[in-house]
Every structure is written in structure tokens, then in C-alpha cells.
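Participant: One structure, pasted below without further comment.
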Amino acid sequence: MKKTKIHDFYAKLKEQNPEPKGELHYVNTYTLLVAVVLSAQATDVGVNKATKPLFKKIKTPQKMVELGEAKLKDYIKSIGLYNSKAKNVIKLSHMLLDDYAGKIPEDRDELQKLPGVGRKTANVVLNIAFGQPTIAVDTHLFRLGNRTGLAPGKTPLDVEKKLEKVTPPEFMRHAHHWLILHGRYVCKARKPACPSCVVRDECGFKAKSTLDS
DNA sequence: CTCCCGATAT
DNA sequence: ATATCAGGAG
């Protein structure tokens, strides 16, 4: 995609939503990390529903360890993949206490040493909690990057690298949120809302039919 | 590549 | 009924 078109792409998303924000609920950096770990292959709405009562009681790794895996499972059962997520959150909390003095590391490699934390989750934490211009490529960015032609790639990492190359510096900081929100509500997996899309003219994809229900 | 997995939209 | 959802680990 041409540079001017990419600039327009972001400019229009920015015009529509000047201060894009994530939709996961959290009360501090630790709960943000936990919320993102829990959000794997689950909807934000579903995760928020489960974490509301959880984070009311549990806001630190210390408290999470005290709660224990079995009780944590009760809180997060409505989210998918809860067995492995509960195990990961407890172990991750132990590691934060033992190896990081209870603090969340500001480094991607260190973050990825935590169980349940891969590159995407690490990038989210770095961006939201520490203000770094990282772009976390989740299912929405991967689909949108390929579908629109903005940043085609065979793997999420391919798409991430391409996005970092083509995204103008002025848009880097919030690119992640502009793209994820656009992917979630407009450039959807099942029924993309092309007719009402603000970057329709900057997009290489056209829905086969806009008349289907 | 497969497995983990319940809730929701289609 | 099935695809999809702020993926990661084995």
C-alpha cells in the first residue's frame, strides 16, 4: 500500500476516534497483565464480567497467591481455557514475587518468561502500562493487516514487523488500539461492515456482497 | 500442528 | 451447528 494511502488510513481512524482506548478492565499494572492473559481466545466482555468480582478482592500477586488456583478457577470458569489460565496466573504471580519484587518488568523478554505471556500479551502491557510504541498483533490485527493490504503477513510476527515499518511515527503510539477497535466493530471476521467503513477508500478488500444478511 | 474451552453471534 | 473471541504452550 502507498505511503499516502497508509497515512490517510490512520488519519481517518484517528478522526473517528481521537483517543482510542482498550476495553479490558483493570485497576493497576498487575491486574492489566492478568486481564490480558485471561483474554486469550475470549471476548473482552466475557473477561470483564469474570474479573469484576475478582479484581474487587484481588489486586496484587500476593493476594492472588493467597487465593490459590482452585478458587481462582471458580472466578474465571466462564472464560474459556480456564484450567491453563488459572495455572498460569498463579505461577506468574509467584514469579513476580520471587524474581521481580512484585513489580511488572518493563522488558518484553522478561515479560515473556512469565507463563501465559507471549509476544502479543507482552506488547499490550508495554504499550498500555509503559507507554511504549509497540503494536500487539492479535486475531483482529492479523486479519485486518492481511484483508486490507495494510500489512500482509503469514504470521502475527510478520504482520507486526510490517506494521512497524509502514506506520507513520505519529500514529505508532495508538496504532494498536485504532486497529483493534476497527477490527472488532467494523472489519469483523464474519460480516465486515464495508459500506459504513471510514477507510473503505484506502482498503484493498471489498466484500463480495453487501446485500447479504 | 494440536490442545486448551465457555460464551456469544451468525 | 459452527465460527469466533485482545493466544500460548507442548
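Chain labels follow the order of the C-alpha cells: the first chain is A, the next B, and so on; residue numbering restarts at 1 in every chain, and ligands are counted from 1 in their shown order.
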Let's see if you can do this: from backbone DSSP, list all alpha helix (DSSP H) residues in stretch 2-212 of chain A, as a PyMOL selection string.

Facilitator: chain A and resi 3-16+29-38+44-57+61-67+69-76+82-99+108-111+119-130+139-148+156-166+169-185

Participant: Using only C-alpha atoms (C1' of nucleotides), which protein or nucleic acid residues come within 10 Å of A:Lys103? Drop anything in the same chain fewer than 2 positions from it, and give the result as JSON, numbers by chain.

Facilitator: {"A": [29, 30, 60, 61, 93, 96, 97, 99, 100, 101, 105, 106]}

Participant: What are the closest atom pairs, with distances in Å to one decimal, for all residues of chain A lying within 6 Å of chain B? Consider only C-alpha atoms (C1' of nucleotides), order rows by chain and residue number, and present the result as CSV.

Facilitator:
residue,atom,partner,partner_atom,distance
A:Ser78,CA,B:DG6,C1',5.5
A:Ile79,CA,B:DG6,C1',5.5
A:Gly80,CA,B:DC5,C1',4.2
A:Leu81,CA,B:DC5,C1',4.6

Participant: Please, which residues in chain C fall within 9 Å of chain A when counting only C-alpha atoms (C1' of nucleotides), and what is the closest atom pair and distance in Å to one decimal for each, ordered by chain then residue number, as a tab-separated table?

Facilitator:
residue	atom	partner	partner_atom	distance
C:DA3	C1'	A:Arg190	CA	8.1
C:DT4	C1'	A:Ala189	CA	7.6
C:DC5	C1'	A:Ala42	CA	4.4
C:DA6	C1'	A:Ser39	CA	6.0
C:DG7	C1'	A:Ala40	CA	4.7
C:DG8	C1'	A:Gly116	CA	5.8
C:DA9	C1'	A:Gly116	CA	8.0

Participant: With N, CA and C atoms (P, O5', C5', C4', C3', O3' and C1' of nucleotides) kept, could you save the residues just selected as a JSON list (two decimals), in the first residue's frame?

Facilitator:
[["chain", "number", "residue", "atom", "x", "y", "z"],
["C", 3, "DA", "P", -16.97, -24.20, 11.25],
["C", 3, "DA", "O5'", -16.59, -22.64, 11.27],
["C", 3, "DA", "C5'", -17.51, -21.70, 10.72],
["C", 3, "DA", "C4'", -17.33, -20.35, 11.39],
["C", 3, "DA", "C3'", -15.88, -19.96, 11.68],
["C", 3, "DA", "O3'", -15.72, -18.60, 11.34],
["C", 3, "DA", "C1'", -17.14, -19.92, 13.70],
["C", 4, "DT", "P", -14.29, -17.96, 11.30],
["C", 4, "DT", "O5'", -14.24, -17.17, 12.68],
["C", 4, "DT", "C5'", -15.27, -16.23, 12.98],
["C", 4, "DT", "C4'", -15.16, -15.82, 14.43],
["C", 4, "DT", "C3'", -13.73, -15.54, 14.92],
["C", 4, "DT", "O3'", -13.59, -14.14, 15.13],
["C", 4, "DT", "C1'", -15.04, -16.73, 16.52],
["C", 5, "DC", "P", -12.23, -13.51, 15.55],
["C", 5, "DC", "O5'", -12.47, -13.30, 17.13],
["C", 5, "DC", "C5'", -13.59, -12.55, 17.58],
["C", 5, "DC", "C4'", -13.71, -12.68, 19.09],
["C", 5, "DC", "C3'", -12.44, -12.29, 19.87],
["C", 5, "DC", "O3'", -12.80, -11.49, 20.98],
["C", 5, "DC", "C1'", -13.18, -14.45, 20.50],
["C", 6, "DA", "P", -12.51, -9.85, 20.86],
["C", 6, "DA", "O5'", -10.98, -9.57, 21.19],
["C", 6, "DA", "C5'", -10.25, -10.36, 22.11],
["C", 6, "DA", "C4'", -8.79, -10.26, 21.71],
["C", 6, "DA", "C3'", -7.84, -11.10, 22.56],
["C", 6, "DA", "O3'", -6.75, -11.49, 21.78],
["C", 6, "DA", "C1'", -7.28, -8.86, 22.80],
["C", 7, "DG", "P", -6.87, -12.90, 21.02],
["C", 7, "DG", "O5'", -5.77, -13.84, 21.70],
["C", 7, "DG", "C5'", -4.38, -13.62, 21.40],
["C", 7, "DG", "C4'", -3.59, -14.36, 22.45],
["C", 7, "DG", "C3'", -2.11, -14.48, 22.13],
["C", 7, "DG", "O3'", -1.40, -14.26, 23.33],
["C", 7, "DG", "C1'", -3.10, -16.65, 22.29],
["C", 8, "DG", "P", 0.20, -14.40, 23.33],
["C", 8, "DG", "O5'", 0.36, -15.88, 23.91],
["C", 8, "DG", "C5'", -0.19, -16.16, 25.19],
["C", 8, "DG", "C4'", 0.15, -17.58, 25.60],
["C", 8, "DG", "C3'", 1.62, -17.95, 25.39],
["C", 8, "DG", "O3'", 2.08, -18.56, 26.57],
["C", 8, "DG", "C1'", 0.22, -19.53, 24.33],
["C", 9, "DA", "P", 3.60, -19.11, 26.68],
["C", 9, "DA", "O5'", 3.37, -20.68, 26.65],
["C", 9, "DA", "C5'", 2.47, -21.27, 27.59],
["C", 9, "DA", "C4'", 2.36, -22.76, 27.36],
["C", 9, "DA", "C3'", 3.70, -23.48, 27.26],
["C", 9, "DA", "O3'", 3.60, -24.70, 27.97],
["C", 9, "DA", "C1'", 2.43, -23.91, 25.30]]

Participant: When you draw a straight line from atom CA of A:His174 to atom CA of A:Pro133, how long is it in Å?

Facilitator: 7.6 Å

Participant: Which distance in Å separates atom CA of A:Glu202 and atom CA of A:Gly149, to one decimal?

Facilitator: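 Value for the atom CA of A:Glu202-atom CA of A:Gly149 distance: 9.2 Å.
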
Participant: Quick one: everything within 12 Å of A:Val199, counting only C-alpha atoms (C1' of nucleotides), minus sequence neighbours fewer than 5 positions away in the same chain. Send it as a ChimeraX atom specification.

Facilitator: /A:5-16,144,148-150,178-179,182-183,186-187,193-194,204-206

Participant: Work out how far apart atom CA of A:Asn127 and atom CA of A:Val27 are and give it in Å to one decimal.

Facilitator: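 Atom-to-atom, atom CA of A:Asn127 to atom CA of A:Val27, that is 16.0 Å.
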